[in-house]
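The next block is upload.csv, given as CSV, C-alpha atoms.
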```csv
chain,number,residue,atom,x,y,z
A,1,MET,CA,118.2,111.6,-8.8
A,2,GLY,CA,115.7,109.5,-10.6
A,3,ASN,CA,115.6,106.0,-12.1
A,4,GLU,CA,118.8,106.7,-14.0
A,5,PRO,CA,121.5,104.1,-14.8
A,6,ILE,CA,123.9,103.4,-11.9
A,7,GLU,CA,127.2,105.0,-12.7
A,8,ASN,CA,128.6,106.1,-9.4
A,9,SER,CA,131.3,104.1,-7.7
A,10,VAL,CA,129.7,103.4,-4.4
A,11,LEU,CA,126.2,102.1,-3.9
A,12,VAL,CA,124.4,103.0,-0.7
A,13,ILE,CA,121.5,100.5,-0.1
A,14,PRO,CA,119.1,100.9,2.8
A,15,CYS,CA,116.6,98.4,4.0
A,16,SER,CA,113.8,101.0,4.2
A,17,GLY,CA,112.1,98.7,6.7
A,18,ILE,CA,108.4,99.7,6.8
A,19,GLY,CA,107.7,98.7,10.4
A,20,LYS,CA,109.9,100.9,12.6
A,21,VAL,CA,111.6,104.2,12.7
A,22,HIS,CA,115.0,102.6,12.1
A,23,GLY,CA,113.9,101.7,8.6
A,24,LEU,CA,113.0,105.2,7.8
A,25,MET,CA,116.3,106.4,9.2
A,26,SER,CA,118.2,104.0,7.0
A,27,ARG,CA,116.3,105.4,4.0
A,28,GLU,CA,116.7,109.1,4.9
A,29,ALA,CA,120.4,108.6,5.7
A,30,THR,CA,120.9,107.2,2.2
A,31,TYR,CA,119.2,110.2,0.6
A,32,LEU,CA,121.4,112.6,2.7
A,33,VAL,CA,124.5,110.8,1.3
A,34,THR,CA,123.4,110.4,-2.3
A,35,ASP,CA,121.7,113.8,-2.7
A,36,GLU,CA,123.7,116.1,-0.3
A,37,LEU,CA,126.9,114.8,1.2
A,38,ALA,CA,128.4,112.7,-1.6
A,39,PRO,CA,126.3,113.0,-4.8
A,40,ARG,CA,129.3,112.5,-7.2
A,41,GLN,CA,130.6,109.4,-5.4
A,42,THR,CA,127.5,107.6,-4.5
A,43,GLY,CA,124.2,106.3,-5.8
A,44,THR,CA,121.4,104.1,-4.6
A,45,LEU,CA,119.5,101.2,-5.9
A,46,CYS,CA,116.0,99.8,-5.2
A,47,LEU,CA,116.4,96.9,-2.8
A,48,ALA,CA,113.2,95.5,-4.2
A,49,LEU,CA,114.9,95.1,-7.6
A,50,LEU,CA,117.4,92.8,-6.0
A,51,VAL,CA,114.6,90.8,-4.3
A,52,LYS,CA,113.2,90.5,-7.8
A,53,GLY,CA,116.5,89.4,-9.2
A,54,ASP,CA,116.7,92.1,-11.8
A,55,ASP,CA,119.7,91.6,-14.1
A,56,GLU,CA,120.8,95.2,-14.0
A,57,ALA,CA,120.5,95.4,-10.3
A,58,VAL,CA,122.4,92.2,-9.7
A,59,ALA,CA,125.2,93.3,-12.0
A,60,ALA,CA,125.3,96.7,-10.3
A,61,VAL,CA,125.9,95.2,-6.8
A,62,ARG,CA,128.5,92.9,-8.2
A,63,SER,CA,130.4,95.7,-9.9
A,64,HIS,CA,130.2,98.4,-7.3
A,65,ALA,CA,131.3,98.6,-3.7
A,66,CYS,CA,128.2,98.6,-1.6
A,67,ILE,CA,127.4,100.1,1.8
A,68,THR,CA,124.3,98.7,3.3
A,69,ILE,CA,122.3,100.4,6.0
A,70,ASP,CA,120.0,98.2,8.0
A,71,GLY,CA,117.4,99.2,10.5
A,72,CYS,CA,117.4,96.0,12.5
A,73,ALA,CA,119.4,92.9,13.2
A,74,LYS,CA,117.6,90.9,10.4
A,75,ALA,CA,120.0,92.8,8.1
A,76,CYS,CA,117.8,92.5,5.0
A,77,ALA,CA,119.8,94.9,2.9
A,78,GLU,CA,123.1,93.3,3.8
A,79,LYS,CA,121.8,89.8,3.3
A,80,ASN,CA,120.1,90.6,0.0
A,81,VAL,CA,123.1,92.2,-1.5
A,82,ALA,CA,125.3,89.3,-0.4
A,83,MET,CA,122.8,86.7,-1.8
A,84,ALA,CA,122.9,88.5,-5.1
A,85,GLY,CA,126.7,88.1,-5.1
A,86,GLY,CA,127.3,91.8,-4.3
A,87,ARG,CA,130.3,93.3,-2.6
A,88,VAL,CA,129.3,94.5,0.8
A,89,ALA,CA,132.2,96.8,1.7
A,90,LYS,CA,130.6,98.1,4.9
A,91,ALA,CA,127.4,97.0,6.7
A,92,ILE,CA,125.9,99.6,9.0
A,93,GLN,CA,123.1,99.1,11.5
A,94,VAL,CA,121.0,102.0,12.6
A,95,ALA,CA,120.5,100.6,16.1
A,96,GLU,CA,124.3,101.0,16.7
A,97,ALA,CA,124.0,104.7,16.3
A,98,PHE,CA,121.6,104.9,19.2
A,99,LYS,CA,124.3,103.9,21.7
A,100,ASN,CA,125.4,107.5,22.0
A,101,HIS,CA,121.8,108.8,22.2
A,102,ARG,CA,120.2,107.0,25.1
A,103,GLY,CA,116.7,108.1,25.7
A,104,ALA,CA,116.4,109.7,22.2
A,105,LYS,CA,112.9,110.0,20.7
A,106,PRO,CA,113.6,109.6,17.0
A,107,GLY,CA,110.0,109.7,15.7
A,108,ASP,CA,108.2,106.8,14.1
A,109,ALA,CA,108.2,104.8,10.9
A,110,THR,CA,106.4,107.6,9.1
A,111,VAL,CA,108.0,110.8,10.3
A,112,LEU,CA,111.3,111.6,11.9
A,113,ALA,CA,111.4,113.8,14.9
A,114,ASP,CA,114.4,116.2,15.6
A,115,ASP,CA,116.3,113.5,17.5
A,116,GLY,CA,115.7,111.1,14.6
A,117,TRP,CA,117.2,113.6,12.2
A,118,ILE,CA,120.2,114.2,14.4
A,119,ILE,CA,121.0,110.5,14.5
A,120,THR,CA,120.3,110.1,10.9
A,121,ARG,CA,122.7,112.8,10.0
A,122,GLU,CA,125.4,111.2,12.1
A,123,ILE,CA,124.8,107.9,10.2
A,124,ALA,CA,124.9,109.7,6.9
A,125,ALA,CA,128.2,111.4,7.8
A,126,ALA,CA,129.8,108.1,8.6
A,127,VAL,CA,128.5,106.6,5.4
A,128,ALA,CA,129.8,109.5,3.3
A,129,CYS,CA,133.2,109.2,5.0
A,130,GLU,CA,133.4,105.5,4.2
A,131,ALA,CA,132.1,106.1,0.6
A,132,ALA,CA,134.9,108.7,0.1
A,133,ARG,CA,137.5,106.1,1.2
A,134,LEU,CA,136.1,103.4,-1.0
A,135,TYR,CA,135.8,105.8,-3.9
A,136,ALA,CA,139.5,106.8,-3.5
A,137,CYS,CA,140.4,103.1,-3.5
A,138,GLU,CA,138.4,102.4,-6.7
A,139,GLU,CA,139.9,105.4,-8.4
A,140,ALA,CA,143.4,104.3,-7.4
A,141,ILE,CA,142.8,100.9,-9.0
A,142,ARG,CA,141.7,102.5,-12.2
B,1,MET,CA,94.7,81.5,7.3
B,2,SER,CA,93.1,82.5,10.5
B,3,THR,CA,89.4,81.7,10.7
B,4,GLU,CA,88.8,84.3,13.5
B,5,VAL,CA,89.8,87.6,11.9
B,6,THR,CA,90.9,88.1,8.3
B,7,LYS,CA,93.6,90.7,7.9
B,8,VAL,CA,94.8,92.0,4.6
B,9,GLY,CA,98.6,92.0,4.1
B,10,ILE,CA,100.0,95.1,2.3
B,11,ILE,CA,103.4,94.8,0.8
B,12,SER,CA,105.1,98.0,-0.5
B,13,CYS,CA,108.0,98.1,-2.9
B,14,SER,CA,109.4,101.2,-1.1
B,15,GLY,CA,111.7,101.6,-4.1
B,16,GLU,CA,114.6,103.9,-3.1
B,17,MET,CA,115.4,105.2,-6.6
B,18,ILE,CA,112.1,107.0,-7.4
B,19,PRO,CA,109.6,109.3,-5.6
B,20,GLU,CA,106.9,106.7,-6.3
B,21,GLY,CA,108.7,104.3,-4.0
B,22,THR,CA,108.5,106.8,-1.2
B,23,ILE,CA,104.8,107.3,-2.0
B,24,SER,CA,104.2,103.6,-1.9
B,25,ARG,CA,105.9,103.3,1.5
B,26,LEU,CA,104.1,106.3,3.1
B,27,ALA,CA,100.7,105.4,1.6
B,28,THR,CA,101.0,101.9,3.1
B,29,ARG,CA,101.9,103.4,6.5
B,30,ARG,CA,98.8,105.6,6.2
B,31,VAL,CA,96.5,102.7,5.6
B,32,LEU,CA,98.1,100.7,8.5
B,33,GLU,CA,98.0,103.6,11.0
B,34,LEU,CA,94.9,105.5,10.0
B,35,LEU,CA,92.6,104.2,7.3
B,36,ARG,CA,92.3,100.5,8.1
B,37,PRO,CA,94.3,99.9,11.3
B,38,ASN,CA,92.3,96.9,12.4
B,39,ALA,CA,92.2,95.2,9.1
B,40,THR,CA,95.7,95.3,7.8
B,41,VAL,CA,99.2,94.1,8.5
B,42,THR,CA,102.5,94.5,6.6
B,43,LEU,CA,105.9,93.0,6.2
B,44,CYS,CA,109.1,94.4,4.7
B,45,LEU,CA,109.5,93.1,1.1
B,46,PRO,CA,113.2,92.2,1.5
B,47,LEU,CA,112.3,89.8,4.4
B,48,PHE,CA,111.0,87.3,1.8
B,49,LEU,CA,114.6,86.5,1.0
B,50,ALA,CA,116.3,87.3,4.2
B,51,GLY,CA,113.6,86.2,6.7
B,52,ASN,CA,112.5,82.9,8.2
B,53,GLU,CA,109.8,80.5,7.0
B,54,ALA,CA,107.0,82.3,8.9
B,55,GLU,CA,107.9,85.5,7.2
B,56,GLN,CA,108.2,83.8,3.8
B,57,ASN,CA,104.7,82.3,4.2
B,58,PHE,CA,103.1,85.8,4.7
B,59,ALA,CA,101.1,85.8,1.5
B,60,LYS,CA,100.0,82.2,2.1
B,61,THR,CA,98.5,83.3,5.5
B,62,HIS,CA,97.0,86.7,4.4
B,63,PRO,CA,95.1,87.9,1.4
B,64,THR,CA,97.8,90.3,0.1
B,65,ILE,CA,97.8,93.5,-1.8
B,66,THR,CA,101.1,94.8,-3.3
B,67,ILE,CA,101.9,98.4,-3.9
B,68,ASP,CA,104.5,99.1,-6.5
B,69,GLY,CA,106.1,102.4,-7.5
B,70,CYS,CA,106.6,101.6,-11.1
B,71,GLU,CA,105.8,99.2,-13.9
B,72,LYS,CA,108.7,96.9,-12.8
B,73,ARG,CA,106.3,95.6,-10.2
B,74,CYS,CA,109.0,94.3,-7.9
B,75,ALA,CA,106.7,93.9,-4.9
B,76,LYS,CA,104.2,91.8,-6.8
B,77,TRP,CA,106.9,89.7,-8.4
B,78,GLY,CA,108.9,89.3,-5.2
B,79,THR,CA,105.8,88.4,-3.1
B,80,GLU,CA,104.5,85.9,-5.6
B,81,GLU,CA,107.8,84.3,-6.2
B,82,HIS,CA,108.8,83.9,-2.6
B,83,SER,CA,105.5,83.8,-0.7
B,84,GLY,CA,102.4,83.2,-2.8
B,85,PRO,CA,99.9,84.7,-5.1
B,86,VAL,CA,98.5,88.2,-4.3
B,87,SER,CA,94.9,89.2,-4.3
B,88,SER,CA,95.5,92.6,-5.9
B,89,ALA,CA,98.4,94.5,-7.3
B,90,LEU,CA,98.5,98.3,-7.5
B,91,VAL,CA,101.0,100.6,-9.2
B,92,VAL,CA,101.5,104.1,-8.0
B,93,THR,CA,102.1,105.5,-11.5
B,94,ASP,CA,98.8,103.9,-12.7
B,95,ILE,CA,96.9,105.6,-9.8
B,96,LEU,CA,98.6,109.1,-10.1
B,97,GLY,CA,99.5,109.3,-13.7
B,98,THR,CA,101.7,112.4,-14.1
B,99,GLN,CA,100.7,113.7,-10.7
B,100,ALA,CA,103.9,112.2,-9.1
B,101,VAL,CA,106.1,114.4,-11.4
B,102,GLY,CA,107.6,116.9,-9.0
B,103,CYS,CA,107.3,114.7,-5.9
B,104,HIS,CA,110.4,113.9,-3.9
B,105,ARG,CA,112.2,110.9,-2.6
B,106,SER,CA,113.2,112.3,0.8
B,107,SER,CA,110.8,113.7,3.4
B,108,ARG,CA,113.2,116.6,3.8
B,109,ASN,CA,111.9,117.9,0.6
B,110,SER,CA,108.2,116.9,1.1
B,111,SER,CA,105.7,119.5,0.0
B,112,LEU,CA,101.9,119.6,-0.5
B,113,PRO,CA,101.9,117.7,-3.8
B,114,ASP,CA,103.9,114.9,-2.1
B,115,LYS,CA,101.3,114.8,0.7
B,116,GLU,CA,98.3,114.8,-1.6
B,117,ALA,CA,99.9,112.0,-3.7
B,118,VAL,CA,100.3,109.9,-0.5
B,119,TRP,CA,96.7,110.5,0.5
B,120,GLU,CA,95.3,109.6,-2.9
B,121,VAL,CA,97.3,106.4,-3.1
B,122,ALA,CA,96.4,105.5,0.5
B,123,GLU,CA,92.7,106.0,-0.2
B,124,ARG,CA,93.0,103.7,-3.3
B,125,ILE,CA,94.7,101.0,-1.2
B,126,ALA,CA,92.0,101.3,1.5
B,127,ALA,CA,89.3,100.8,-1.1
B,128,GLU,CA,91.2,97.8,-2.4
B,129,VAL,CA,91.4,96.4,1.2
B,130,ASP,CA,87.6,96.7,1.4
B,131,THR,CA,87.1,94.9,-1.8
B,132,VAL,CA,89.4,92.1,-0.8
B,133,LEU,CA,87.7,91.7,2.6
B,134,ALA,CA,84.3,91.7,0.9
B,135,GLU,CA,85.5,88.8,-1.2
B,136,THR,CA,87.0,86.9,1.7
B,137,GLY,CA,84.3,87.4,4.4
B,138,PRO,CA,82.5,90.0,6.5
B,139,TYR,CA,84.6,92.7,8.2
B,140,ASP,CA,83.7,94.7,11.2
B,141,GLY,CA,85.9,97.9,11.0
B,142,THR,CA,85.6,98.4,14.7
B,143,ALA,CA,86.6,94.9,15.7
B,144,ALA,CA,89.5,94.5,18.1
B,145,VAL,CA,92.8,93.2,16.8
B,146,THR,CA,92.9,89.5,17.6
B,147,SER,CA,95.2,88.0,15.1
B,148,GLY,CA,98.1,86.2,16.7
B,149,ASP,CA,100.4,86.8,13.7
B,150,GLN,CA,100.1,90.5,13.5
B,151,CYS,CA,103.4,92.2,12.9
B,152,SER,CA,104.5,95.2,15.0
B,153,CYS,CA,104.3,97.4,11.9
B,154,SER,CA,100.6,97.8,12.2
B,155,SER,CA,99.9,99.3,15.5
B,156,PRO,CA,97.1,101.8,15.1
B,157,VAL,CA,97.8,105.5,15.8
B,158,PRO,CA,96.1,107.1,18.8
B,159,GLY,CA,92.7,108.4,18.3
B,160,GLY,CA,91.4,111.9,18.9
B,161,LYS,CA,88.3,112.0,21.1
B,162,LEU,CA,85.1,114.0,20.6
B,163,LYS,CA,82.0,114.4,22.8
B,164,ILE,CA,78.9,113.5,20.7
B,165,ARG,CA,75.6,113.6,22.4
B,166,GLY,CA,77.2,113.0,25.8
B,167,ALA,CA,79.2,110.0,24.6
B,168,THR,CA,83.0,110.0,23.9
B,169,VAL,CA,83.8,109.0,20.4
B,170,SER,CA,87.3,108.1,19.3
B,171,ILE,CA,88.5,108.9,15.8
B,172,PRO,CA,91.7,107.1,14.7
B,173,GLY,CA,94.4,109.6,13.7
B,174,LEU,CA,92.3,112.7,14.2
B,175,ALA,CA,95.4,114.9,14.5
B,176,LEU,CA,96.7,113.5,11.2
B,177,ILE,CA,93.4,114.3,9.6
B,178,PHE,CA,93.5,117.8,11.0
B,179,GLY,CA,97.1,118.3,9.8
B,180,GLN,CA,96.0,117.4,6.3
B,181,CYS,CA,93.1,119.9,6.6
B,182,VAL,CA,95.5,122.6,7.6
B,183,ALA,CA,97.7,121.7,4.6
B,184,ARG,CA,94.6,122.1,2.4
B,185,ASN,CA,93.9,125.5,3.9
B,186,ILE,CA,90.5,124.4,5.3
B,187,PRO,CA,89.4,127.4,7.5
B,188,ALA,CA,88.7,126.9,11.2
B,189,ASP,CA,85.2,128.5,11.0
B,190,THR,CA,81.8,127.6,9.7
B,191,CYS,CA,83.0,127.9,6.1
B,192,GLY,CA,85.3,124.9,6.7
B,193,CYS,CA,82.7,122.7,8.3
B,194,ASP,CA,81.6,120.8,5.2
B,195,ALA,CA,85.2,120.0,4.2
B,196,LEU,CA,86.1,119.0,7.8
B,197,LEU,CA,83.1,116.7,8.0
B,198,GLY,CA,84.0,115.2,4.6
B,199,ALA,CA,87.6,114.6,5.5
B,200,VAL,CA,86.7,112.8,8.8
B,201,ARG,CA,83.9,110.8,7.1
B,202,ILE,CA,86.4,109.0,4.9
B,203,TYR,CA,87.9,107.3,8.1
B,204,HIS,CA,85.0,107.3,10.5
B,205,ARG,CA,81.3,106.5,10.0
B,206,ILE,CA,79.1,109.4,10.8
B,207,PRO,CA,75.4,108.6,11.3
B,208,PRO,CA,73.2,111.1,9.3
B,209,GLU,CA,71.2,111.9,12.5
B,210,GLU,CA,74.5,112.9,14.3
B,211,GLU,CA,75.9,115.1,11.5
B,212,ALA,CA,75.1,118.4,13.2
B,213,ASP,CA,76.7,117.2,16.4
B,214,TYR,CA,79.8,116.0,14.6
B,215,ARG,CA,80.0,119.3,12.7
B,216,SER,CA,80.0,121.3,15.9
B,217,ALA,CA,82.4,119.0,17.8
B,218,LEU,CA,84.8,118.8,14.9
B,219,LEU,CA,84.9,122.5,14.4
B,220,LYS,CA,85.7,123.1,18.1
B,221,ALA,CA,88.4,120.4,18.1
B,222,TYR,CA,89.9,121.8,14.8
B,223,GLN,CA,90.0,125.3,16.3
B,224,VAL,CA,91.9,123.9,19.3
B,225,PHE,CA,94.3,122.1,16.9
B,226,ARG,CA,94.9,125.2,14.8
B,227,SER,CA,95.6,127.3,17.9
B,228,GLY,CA,98.5,125.0,18.6
B,229,ALA,CA,97.0,123.3,21.7
B,230,LYS,CA,96.9,119.6,21.7
B,231,PRO,CA,93.5,118.1,20.9
B,232,ALA,CA,91.9,115.9,23.6
B,233,LYS,CA,93.1,112.3,23.7
```
Let me see the structure of the file written as structure tokens.
Amino acid sequence: MGNEPIENSVLVIPCSGIGKVHGLMSREATYLVTDELAPRQTGTLCLALLVKGDDEAVAAVRSHACITIDGCAKACAEKNVAMAGGRVAKAIQVAEAFKNHRGAKPGDATVLADDGWIITREIAAAVACEAARLYACEEAIR
Amino acid sequence: MSTEVTKVGIISCSGEMIPEGTISRLATRRVLELLRPNATVTLCLPLFLAGNEAEQNFAKTHPTITIDGCEKRCAKWGTEEHSGPVSSALVVTDILGTQAVGCHRSSRNSSLPDKEAVWEVAERIAAEVDTVLAETGPYDGTAAVTSGDQCSCSSPVPGGKLKIRGATVSIPGLALIFGQCVARNIPADTCGCDALLGAVRIYHRIPPEEEADYRSALLKAYQVFRSGAKPAK
């Protein structure tokens, strides 16, 4: 997927936080969903475009169900989508996924280790499941 | 701005839709971890809207360089709108031209062209950091981190250690440098010495009179690295 128009029903928007591994996990979980698990039902959007206030990006988050994936409690993705008037259908925090993986060594903000990929795949699976539900709802409304 | 140590802020767009966004993010990490660890800090771009006043004042308290993936220049625009004017604004597509074609968004698909693109952009950012610092005041690349407002994003990576003329010398991110040398197929014998020395020289000053010592020590360390054993820390 490149810089194409946003057509899919559900937008998955990660924070991509640059400081910690959780930001990288949010980003990679998004690509797992949009490229592998649910490519027909989901797409993504540059969060920076929302920060910029880009008209097309703002319209997209207002007209699509959005699932945000945040690395930390500052919840930048969720807050920015909400501030743009977007529909946050589900807000996920990476840190929550660590509750079942105490002592895991996920890697760092640059590279995910094996533990990091395992947790990231779990997050992606949960997001894909939620996206499928939202997609079905949207289709039913149409 | 701190009068003790000037640090350059680097803000990456990290655009999720395009490979250049991934390159901007990873190149920024490379500069923070390896190329200029004591001279740079960063902040997540979305924090300008979602964060507190201290975070929103980032560009007012640091000379700031933005790294954008594409011509939309979201990082530059967002930083200037919400925080303050930037010292320099780089765009990945300007640096790489068509080189980014074929690069990937996810690290699951990362290949040699992706890695080389990241290195090229990172080196360009590092050069820009040096320019900004030269304009704002003297910089001692070996100075300890003393700024109180450093964010946790910029902790330097551990250095690899070499014995040079009886003294222990630490080279930040030596394992990463060696990893890149492996990816570039630099051999672990005397044929690879020049390339090895050149790669390390980018990140670590090598006095001319110590070149032969570095050459020998680096080759030994690189051979250990390639054999799979962990280099000395």
Practice problem: Please return, as a list in words, all residues of chain A lying within 6 Å of chain B when all atoms listed in the file are considered. | Solution: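 Selected residues: Gly2, Asn3, Gly17, Ile18, Gly19, Leu45, Cys46, Ala48, Leu49, Val51, Lys52 and Cys76 of chain A.
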Quiz prompt | Proximity to Leu50 of chain A - best of A:Arg27, A:Lys90, A:His64, A:Lys79, only C-alpha atoms | solution = A:Lys79
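In this comparison, which uses only C-alpha atoms, the residue of B:Leu176, B:Val132, B:Leu219, B:Leu112 approaching Leu196 of chain B most closely is B:Leu219.
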Self-check item: Which residue of A:Ile67, A:Ala29, A:Ile13, A:Val127 approaches Leu112 of chain A most closely, using all atoms listed in the file
Solution: A:Ala29
Quiz item: Distance atom CA of Arg87 of chain A-atom CA of Ala65 of chain A, one decimal place?
Solution: 5.5 Å
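Between Pro187 of chain B and the residues B:Phe225, B:Ala212, B:Val118, B:Gly173, the shortest atom-to-atom distance, using only C-alpha atoms, involves B:Phe225.
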Generate the missing atoms of segment 103-117 of chain A up to N, CA, C and O atoms and report them as a PDB file, in the frame of the given file.
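Okay, this is what ended up in rebuild-v3.pdb:
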```
ATOM      1  N   GLY A 103     117.843 107.339  25.334  1.00  0.00           N
ATOM      2  CA  GLY A 103     116.700 108.100  25.700  1.00  0.00           C
ATOM      3  C   GLY A 103     116.167 109.002  24.523  1.00  0.00           C
ATOM      4  O   GLY A 103     115.188 109.736  24.680  1.00  0.00           O
ATOM      5  N   ALA A 104     116.824 108.924  23.377  1.00  0.00           N
ATOM      6  CA  ALA A 104     116.400 109.700  22.200  1.00  0.00           C
ATOM      7  C   ALA A 104     115.021 109.321  21.758  1.00  0.00           C
ATOM      8  O   ALA A 104     114.650 108.146  21.833  1.00  0.00           O
ATOM      9  N   LYS A 105     114.257 110.296  21.269  1.00  0.00           N
ATOM     10  CA  LYS A 105     112.900 110.000  20.700  1.00  0.00           C
ATOM     11  C   LYS A 105     113.002 110.334  19.208  1.00  0.00           C
ATOM     12  O   LYS A 105     112.834 111.485  18.804  1.00  0.00           O
ATOM     13  N   PRO A 106     113.258 109.304  18.398  1.00  0.00           N
ATOM     14  CA  PRO A 106     113.600 109.600  17.000  1.00  0.00           C
ATOM     15  C   PRO A 106     112.352 109.800  16.084  1.00  0.00           C
ATOM     16  O   PRO A 106     112.519 110.209  14.945  1.00  0.00           O
ATOM     17  N   GLY A 107     111.158 109.543  16.579  1.00  0.00           N
ATOM     18  CA  GLY A 107     110.000 109.700  15.700  1.00  0.00           C
ATOM     19  C   GLY A 107     109.382 108.275  15.510  1.00  0.00           C
ATOM     20  O   GLY A 107     109.532 107.381  16.349  1.00  0.00           O
ATOM     21  N   ASP A 108     108.731 108.091  14.367  1.00  0.00           N
ATOM     22  CA  ASP A 108     108.200 106.800  14.100  1.00  0.00           C
ATOM     23  C   ASP A 108     108.469 106.370  12.643  1.00  0.00           C
ATOM     24  O   ASP A 108     109.246 107.041  11.972  1.00  0.00           O
ATOM     25  N   ALA A 109     107.866 105.302  12.206  1.00  0.00           N
ATOM     26  CA  ALA A 109     108.200 104.800  10.900  1.00  0.00           C
ATOM     27  C   ALA A 109     107.712 105.658   9.741  1.00  0.00           C
ATOM     28  O   ALA A 109     108.059 105.445   8.583  1.00  0.00           O
ATOM     29  N   THR A 110     106.924 106.686  10.083  1.00  0.00           N
ATOM     30  CA  THR A 110     106.400 107.600   9.100  1.00  0.00           C
ATOM     31  C   THR A 110     107.106 108.925   9.030  1.00  0.00           C
ATOM     32  O   THR A 110     107.366 109.477   7.963  1.00  0.00           O
ATOM     33  N   VAL A 111     107.397 109.449  10.219  1.00  0.00           N
ATOM     34  CA  VAL A 111     108.000 110.800  10.300  1.00  0.00           C
ATOM     35  C   VAL A 111     109.124 110.805  11.334  1.00  0.00           C
ATOM     36  O   VAL A 111     108.962 110.280  12.435  1.00  0.00           O
ATOM     37  N   LEU A 112     110.239 111.415  10.961  1.00  0.00           N
ATOM     38  CA  LEU A 112     111.300 111.600  11.900  1.00  0.00           C
ATOM     39  C   LEU A 112     111.168 112.817  12.755  1.00  0.00           C
ATOM     40  O   LEU A 112     110.799 113.871  12.234  1.00  0.00           O
ATOM     41  N   ALA A 113     111.425 112.678  14.053  1.00  0.00           N
ATOM     42  CA  ALA A 113     111.400 113.800  14.900  1.00  0.00           C
ATOM     43  C   ALA A 113     112.858 114.431  14.921  1.00  0.00           C
ATOM     44  O   ALA A 113     113.754 113.895  14.267  1.00  0.00           O
ATOM     45  N   ASP A 114     113.065 115.512  15.647  1.00  0.00           N
ATOM     46  CA  ASP A 114     114.400 116.200  15.600  1.00  0.00           C
ATOM     47  C   ASP A 114     115.503 115.208  16.041  1.00  0.00           C
ATOM     48  O   ASP A 114     116.561 115.174  15.406  1.00  0.00           O
ATOM     49  N   ASP A 115     115.266 114.427  17.110  1.00  0.00           N
ATOM     50  CA  ASP A 115     116.300 113.500  17.500  1.00  0.00           C
ATOM     51  C   ASP A 115     116.595 112.476  16.399  1.00  0.00           C
ATOM     52  O   ASP A 115     117.757 112.092  16.193  1.00  0.00           O
ATOM     53  N   GLY A 116     115.556 112.062  15.710  1.00  0.00           N
ATOM     54  CA  GLY A 116     115.700 111.100  14.600  1.00  0.00           C
ATOM     55  C   GLY A 116     116.610 111.691  13.508  1.00  0.00           C
ATOM     56  O   GLY A 116     117.496 111.015  12.964  1.00  0.00           O
ATOM     57  N   TRP A 117     116.396 112.967  13.199  1.00  0.00           N
ATOM     58  CA  TRP A 117     117.200 113.600  12.200  1.00  0.00           C
ATOM     59  C   TRP A 117     118.661 113.771  12.597  1.00  0.00           C
ATOM     60  O   TRP A 117     119.586 113.635  11.801  1.00  0.00           O
TER      61      TRP A 117
END
```
